[in-house]
Amino acid sequence: MAVTGTDFVSLPTQDIERARVFYRDTLGLEESKQWGEMPAWEFETGNLTLALMDPSAFGQEFRPAGGASVVLQVDDFDAAKADLESKGVQFVTDKIDSGVCHQAYFLDPDGNTLGIHNRYAG
């Protein structure tokens, strides 16, 4: 097997319409397509598709994406953080400075961990 890339990451939701509003309007991601008639929508981040889906429609139990996180690259960390906070997003971490990047984490409406990230050093 030769892996050539990563196509998408699935994130579970209990309310697909609430999730669509959050990812489209709050995060500003491009909504690309629905999985047929299923309660699942894809959103584009530039290099990875986020697939939001109601697992109960696929015979699975809802569980937030535990210890994993999806971290979104932003050009201006401080502006992105302020923008999200102005839209009601509450960060669960302070700004983290690793010496090469800034990052901070928050939860989506279903408890999935997301973050924003900007690498400022090579």
# chains A, B, ... in the order shown; residues from 1 in each chain; ligands from 1
>>> residues_around(residues="A:Gln103", least_positions_apart="2", cutoff="9 Å", atoms="only C-alpha atoms", output="mmCIF file with N, CA and C atoms, in the first residue's frame")
data_model
loop_
_atom_site.group_PDB
_atom_site.id
_atom_site.type_symbol
_atom_site.label_atom_id
_atom_site.label_comp_id
_atom_site.auth_asym_id
_atom_site.auth_seq_id
_atom_site.Cartn_x
_atom_site.Cartn_y
_atom_site.Cartn_z
ATOM 1 N N VAL A 71 -6.338 21.246 14.044
ATOM 2 C CA VAL A 71 -5.758 22.570 14.258
ATOM 3 C C VAL A 71 -5.698 23.299 12.921
ATOM 4 N N PHE A 77 -2.505 35.109 13.982
ATOM 5 C CA PHE A 77 -3.026 34.396 15.146
ATOM 6 C C PHE A 77 -3.894 35.293 16.021
ATOM 7 N N THR A 93 -7.650 26.953 26.244
ATOM 8 C CA THR A 93 -6.251 27.190 26.586
ATOM 9 C C THR A 93 -5.951 28.660 26.343
ATOM 10 N N ASP A 94 -4.929 29.139 27.002
ATOM 11 C CA ASP A 94 -4.397 30.452 26.670
ATOM 12 C C ASP A 94 -3.566 30.307 25.407
ATOM 13 N N LYS A 95 -3.066 31.414 24.921
ATOM 14 C CA LYS A 95 -2.145 31.403 23.782
ATOM 15 C C LYS A 95 -0.887 30.647 24.193
ATOM 16 N N ILE A 96 -0.530 29.641 23.416
ATOM 17 C CA ILE A 96 0.658 28.840 23.669
ATOM 18 C C ILE A 96 1.743 29.300 22.693
ATOM 19 N N ASP A 97 2.914 29.619 23.231
ATOM 20 C CA ASP A 97 4.053 30.003 22.395
ATOM 21 C C ASP A 97 5.102 28.908 22.546
ATOM 22 N N SER A 98 5.293 28.117 21.489
ATOM 23 C CA SER A 98 6.214 26.983 21.547
ATOM 24 C C SER A 98 7.651 27.362 21.218
ATOM 25 N N CYS A 101 5.864 28.686 17.136
ATOM 26 C CA CYS A 101 4.482 28.925 16.715
ATOM 27 C C CYS A 101 3.635 29.409 17.881
ATOM 28 N N TYR A 105 -6.554 26.446 21.792
ATOM 29 C CA TYR A 105 -7.567 25.422 21.538
ATOM 30 C C TYR A 105 -8.930 25.824 22.083
ATOM 31 N N GLY A 115 -8.331 23.885 17.107
ATOM 32 C CA GLY A 115 -7.344 24.875 17.487
ATOM 33 C C GLY A 115 -7.028 25.789 16.329
ATOM 34 N N ILE A 116 -6.366 26.897 16.646
ATOM 35 C CA ILE A 116 -5.794 27.751 15.625
ATOM 36 C C ILE A 116 -4.302 27.782 15.841
ATOM 37 N N HIS A 117 -3.551 27.990 14.750
ATOM 38 C CA HIS A 117 -2.095 27.833 14.803
ATOM 39 C C HIS A 117 -1.445 28.757 13.780
ATOM 40 N N ASN A 118 -0.342 29.363 14.168
ATOM 41 C CA ASN A 118 0.466 30.144 13.233
ATOM 42 C C ASN A 118 1.926 29.908 13.546
ATOM 43 N N ARG A 119 2.648 29.401 12.557
ATOM 44 C CA ARG A 119 4.101 29.202 12.689
ATOM 45 C C ARG A 119 4.788 30.510 12.326
#
>>> residues_around(residues="A:Pro39", least_positions_apart="2", cutoff="12 Å", atoms="only C-alpha atoms", output="list of chain:residue names")
A:Pro12, A:Thr13, A:Gln14, A:Asp15, A:Ile16, A:Glu17, A:Arg18, A:Ala19, A:Arg20, A:Lys33, A:Gln34, A:Trp35, A:Gly36, A:Glu37, A:Trp41, A:Glu42, A:Ala51, A:Leu52, A:Met53, A:Asp54, A:Pro55, A:Ser56, A:Ala57, A:Phe58
>>> write_last_selection(atoms="N, CA and C atoms", output="PDB file, in the first residue's frame")
ATOM      1  N   PRO A  12     -17.692  14.020  14.556  1.00  0.00           N
ATOM      2  CA  PRO A  12     -19.079  13.675  14.865  1.00  0.00           C
ATOM      3  C   PRO A  12     -19.870  14.870  15.392  1.00  0.00           C
ATOM      4  N   THR A  13     -21.149  14.872  15.082  1.00  0.00           N
ATOM      5  CA  THR A  13     -22.056  15.890  15.597  1.00  0.00           C
ATOM      6  C   THR A  13     -23.391  15.244  15.943  1.00  0.00           C
ATOM      7  N   GLN A  14     -24.065  15.808  16.903  1.00  0.00           N
ATOM      8  CA  GLN A  14     -25.418  15.363  17.252  1.00  0.00           C
ATOM      9  C   GLN A  14     -26.474  16.250  16.594  1.00  0.00           C
ATOM     10  N   ASP A  15     -26.041  17.382  16.048  1.00  0.00           N
ATOM     11  CA  ASP A  15     -26.957  18.340  15.435  1.00  0.00           C
ATOM     12  C   ASP A  15     -26.266  18.911  14.197  1.00  0.00           C
ATOM     13  N   ILE A  16     -26.535  18.331  13.047  1.00  0.00           N
ATOM     14  CA  ILE A  16     -25.821  18.701  11.827  1.00  0.00           C
ATOM     15  C   ILE A  16     -26.066  20.149  11.446  1.00  0.00           C
ATOM     16  N   GLU A  17     -27.265  20.673  11.658  1.00  0.00           N
ATOM     17  CA  GLU A  17     -27.531  22.070  11.289  1.00  0.00           C
ATOM     18  C   GLU A  17     -26.763  23.039  12.193  1.00  0.00           C
ATOM     19  N   ARG A  18     -26.708  22.759  13.476  1.00  0.00           N
ATOM     20  CA  ARG A  18     -25.930  23.597  14.401  1.00  0.00           C
ATOM     21  C   ARG A  18     -24.448  23.546  14.025  1.00  0.00           C
ATOM     22  N   ALA A  19     -23.959  22.359  13.686  1.00  0.00           N
ATOM     23  CA  ALA A  19     -22.564  22.206  13.287  1.00  0.00           C
ATOM     24  C   ALA A  19     -22.277  22.956  11.993  1.00  0.00           C
ATOM     25  N   ARG A  20     -23.182  22.875  11.031  1.00  0.00           N
ATOM     26  CA  ARG A  20     -22.996  23.598   9.764  1.00  0.00           C
ATOM     27  C   ARG A  20     -22.864  25.091  10.000  1.00  0.00           C
ATOM     28  N   LYS A  33     -19.959  20.064   0.152  1.00  0.00           N
ATOM     29  CA  LYS A  33     -21.014  19.171  -0.320  1.00  0.00           C
ATOM     30  C   LYS A  33     -21.580  18.324   0.813  1.00  0.00           C
ATOM     31  N   GLN A  34     -22.786  17.857   0.560  1.00  0.00           N
ATOM     32  CA  GLN A  34     -23.473  16.951   1.473  1.00  0.00           C
ATOM     33  C   GLN A  34     -23.294  15.534   0.964  1.00  0.00           C
ATOM     34  N   TRP A  35     -23.260  14.579   1.881  1.00  0.00           N
ATOM     35  CA  TRP A  35     -23.150  13.168   1.516  1.00  0.00           C
ATOM     36  C   TRP A  35     -24.532  12.662   1.125  1.00  0.00           C
ATOM     37  N   GLY A  36     -24.934  12.913  -0.112  1.00  0.00           N
ATOM     38  CA  GLY A  36     -26.260  12.495  -0.578  1.00  0.00           C
ATOM     39  C   GLY A  36     -27.336  13.128   0.275  1.00  0.00           C
ATOM     40  N   GLU A  37     -28.226  12.303   0.806  1.00  0.00           N
ATOM     41  CA  GLU A  37     -29.290  12.776   1.692  1.00  0.00           C
ATOM     42  C   GLU A  37     -28.921  12.611   3.166  1.00  0.00           C
ATOM     43  N   TRP A  41     -21.910  16.806   6.082  1.00  0.00           N
ATOM     44  CA  TRP A  41     -21.479  17.885   5.195  1.00  0.00           C
ATOM     45  C   TRP A  41     -19.975  18.003   5.250  1.00  0.00           C
ATOM     46  N   GLU A  42     -19.380  18.394   4.127  1.00  0.00           N
ATOM     47  CA  GLU A  42     -17.941  18.606   4.060  1.00  0.00           C
ATOM     48  C   GLU A  42     -17.626  20.096   4.022  1.00  0.00           C
ATOM     49  N   ALA A  51     -15.152  16.540   7.457  1.00  0.00           N
ATOM     50  CA  ALA A  51     -16.447  15.919   7.197  1.00  0.00           C
ATOM     51  C   ALA A  51     -17.211  15.846   8.513  1.00  0.00           C
ATOM     52  N   LEU A  52     -18.242  16.669   8.632  1.00  0.00           N
ATOM     53  CA  LEU A  52     -19.096  16.652   9.818  1.00  0.00           C
ATOM     54  C   LEU A  52     -20.207  15.663   9.563  1.00  0.00           C
ATOM     55  N   MET A  53     -20.417  14.746  10.504  1.00  0.00           N
ATOM     56  CA  MET A  53     -21.438  13.744  10.284  1.00  0.00           C
ATOM     57  C   MET A  53     -22.095  13.327  11.583  1.00  0.00           C
ATOM     58  N   ASP A  54     -23.390  13.016  11.464  1.00  0.00           N
ATOM     59  CA  ASP A  54     -24.154  12.492  12.591  1.00  0.00           C
ATOM     60  C   ASP A  54     -23.960  10.983  12.592  1.00  0.00           C
ATOM     61  N   PRO A  55     -23.163  10.455  13.511  1.00  0.00           N
ATOM     62  CA  PRO A  55     -22.843   9.027  13.477  1.00  0.00           C
ATOM     63  C   PRO A  55     -24.059   8.117  13.641  1.00  0.00           C
ATOM     64  N   SER A  56     -25.132   8.609  14.269  1.00  0.00           N
ATOM     65  CA  SER A  56     -26.311   7.758  14.450  1.00  0.00           C
ATOM     66  C   SER A  56     -26.921   7.372  13.104  1.00  0.00           C
ATOM     67  N   ALA A  57     -26.769   8.202  12.076  1.00  0.00           N
ATOM     68  CA  ALA A  57     -27.286   7.891  10.746  1.00  0.00           C
ATOM     69  C   ALA A  57     -26.467   6.804  10.054  1.00  0.00           C
ATOM     70  N   PHE A  58     -25.301   6.498  10.610  1.00  0.00           N
ATOM     71  CA  PHE A  58     -24.415   5.485  10.043  1.00  0.00           C
ATOM     72  C   PHE A  58     -24.277   4.287  10.974  1.00  0.00           C
TER      73      PHE A  58
END
>>> select_by_dssp(residues="stretch 5-95 of chain A", states="alpha helix (DSSP H)", output="list in words")
Ile16, Glu17, Arg18, Ala19, Arg20, Val21, Phe77, Asp78, Ala79, Ala80, Lys81, Ala82, Asp83, Leu84, Glu85 and Ser86 of chain A
>>> write_last_selection(atoms="N, CA and C atoms", output="JSON list (two decimals), in the first residue's frame")
[["chain", "number", "residue", "atom", "x", "y", "z"],
["A", 16, "ILE", "N", -26.54, 18.33, 13.05],
["A", 16, "ILE", "CA", -25.82, 18.70, 11.83],
["A", 16, "ILE", "C", -26.07, 20.15, 11.45],
["A", 17, "GLU", "N", -27.26, 20.67, 11.66],
["A", 17, "GLU", "CA", -27.53, 22.07, 11.29],
["A", 17, "GLU", "C", -26.76, 23.04, 12.19],
["A", 18, "ARG", "N", -26.71, 22.76, 13.48],
["A", 18, "ARG", "CA", -25.93, 23.60, 14.40],
["A", 18, "ARG", "C", -24.45, 23.55, 14.03],
["A", 19, "ALA", "N", -23.96, 22.36, 13.69],
["A", 19, "ALA", "CA", -22.56, 22.21, 13.29],
["A", 19, "ALA", "C", -22.28, 22.96, 11.99],
["A", 20, "ARG", "N", -23.18, 22.88, 11.03],
["A", 20, "ARG", "CA", -23.00, 23.60, 9.76],
["A", 20, "ARG", "C", -22.86, 25.09, 10.00],
["A", 21, "VAL", "N", -23.73, 25.63, 10.84],
["A", 21, "VAL", "CA", -23.68, 27.07, 11.14],
["A", 21, "VAL", "C", -22.35, 27.43, 11.79],
["A", 77, "PHE", "N", -2.50, 35.11, 13.98],
["A", 77, "PHE", "CA", -3.03, 34.40, 15.15],
["A", 77, "PHE", "C", -3.89, 35.29, 16.02],
["A", 78, "ASP", "N", -3.36, 36.45, 16.42],
["A", 78, "ASP", "CA", -4.08, 37.32, 17.35],
["A", 78, "ASP", "C", -5.40, 37.81, 16.76],
["A", 79, "ALA", "N", -5.40, 38.17, 15.48],
["A", 79, "ALA", "CA", -6.64, 38.61, 14.83],
["A", 79, "ALA", "C", -7.65, 37.48, 14.74],
["A", 80, "ALA", "N", -7.19, 36.27, 14.41],
["A", 80, "ALA", "CA", -8.11, 35.13, 14.32],
["A", 80, "ALA", "C", -8.71, 34.80, 15.68],
["A", 81, "LYS", "N", -7.88, 34.84, 16.71],
["A", 81, "LYS", "CA", -8.38, 34.54, 18.06],
["A", 81, "LYS", "C", -9.41, 35.59, 18.50],
["A", 82, "ALA", "N", -9.10, 36.86, 18.25],
["A", 82, "ALA", "CA", -10.04, 37.94, 18.61],
["A", 82, "ALA", "C", -11.34, 37.81, 17.83],
["A", 83, "ASP", "N", -11.26, 37.46, 16.54],
["A", 83, "ASP", "CA", -12.45, 37.29, 15.73],
["A", 83, "ASP", "C", -13.33, 36.17, 16.28],
["A", 84, "LEU", "N", -12.72, 35.04, 16.59],
["A", 84, "LEU", "CA", -13.50, 33.92, 17.14],
["A", 84, "LEU", "C", -14.11, 34.28, 18.48],
["A", 85, "GLU", "N", -13.36, 34.93, 19.33],
["A", 85, "GLU", "CA", -13.89, 35.34, 20.64],
["A", 85, "GLU", "C", -15.07, 36.31, 20.47],
["A", 86, "SER", "N", -15.00, 37.19, 19.47],
["A", 86, "SER", "CA", -16.11, 38.12, 19.24],
["A", 86, "SER", "C", -17.37, 37.40, 18.77]]
>>> atom_distance(atom1="atom CA of A:Gly88", atom2="atom CA of A:Thr26")
8.7 Å
>>> select_by_dssp(residues="chain A", states="strand (DSSP E)", output="MDAnalysis selection string")
chainID A and resid 8:12 30:34 40:44 49:53 69:73 96:97 101:107 113:119
>>> write_last_selection(atoms="C-alpha atoms", output="compact mmCIF listing (two decimals), in the first residue's frame")
# COMPACT_ATOMS: atom_id res chain seq x y z
CA PHE A 8 -10.59 14.08 5.06
CA VAL A 9 -11.09 13.93 8.80
CA SER A 10 -14.53 13.02 10.20
CA LEU A 11 -15.93 14.94 13.15
CA PRO A 12 -19.08 13.67 14.86
CA GLU A 30 -16.27 26.84 2.76
CA GLU A 31 -19.16 24.38 2.80
CA SER A 32 -18.55 22.07 -0.14
CA LYS A 33 -21.01 19.17 -0.32
CA GLN A 34 -23.47 16.95 1.47
CA ALA A 40 -23.13 14.83 6.76
CA TRP A 41 -21.48 17.88 5.20
CA GLU A 42 -17.94 18.61 4.06
CA PHE A 43 -16.03 21.82 4.73
CA GLU A 44 -12.78 22.86 3.07
CA THR A 49 -11.58 18.41 4.16
CA LEU A 50 -13.49 18.29 7.45
CA ALA A 51 -16.45 15.92 7.20
CA LEU A 52 -19.10 16.65 9.82
CA MET A 53 -21.44 13.74 10.28
CA SER A 69 -7.73 17.77 17.70
CA VAL A 70 -7.97 19.50 14.35
CA VAL A 71 -5.76 22.57 14.26
CA LEU A 72 -6.46 25.23 11.66
CA GLN A 73 -3.63 27.29 10.18
CA ILE A 96 0.66 28.84 23.67
CA ASP A 97 4.05 30.00 22.40
CA CYS A 101 4.48 28.93 16.72
CA HIS A 102 1.44 30.30 18.49
CA GLN A 103 -1.57 28.07 19.10
CA ALA A 104 -4.73 27.92 21.21
CA TYR A 105 -7.57 25.42 21.54
CA PHE A 106 -11.37 25.58 21.77
CA LEU A 107 -14.33 23.21 21.46
CA THR A 113 -11.33 19.92 20.09
CA LEU A 114 -10.22 22.45 17.50
CA GLY A 115 -7.34 24.88 17.49
CA ILE A 116 -5.79 27.75 15.62
CA HIS A 117 -2.09 27.83 14.80
CA ASN A 118 0.47 30.14 13.23
CA ARG A 119 4.10 29.20 12.69
>>> atom_distance(atom1="atom CA of A:Asn47", atom2="atom CA of A:Glu61")
28.3 Å
>>> closest_residue(among="A:Met38, A:Leu29, A:Val74, A:Val89", to="A:Asp108", atoms="only C-alpha atoms")
A:Val89
>>> closest_residue(among="A:Gly46, A:Gly111, A:Gly99, A:Gly28", to="A:Gly67", atoms="only C-alpha atoms")
A:Gly111
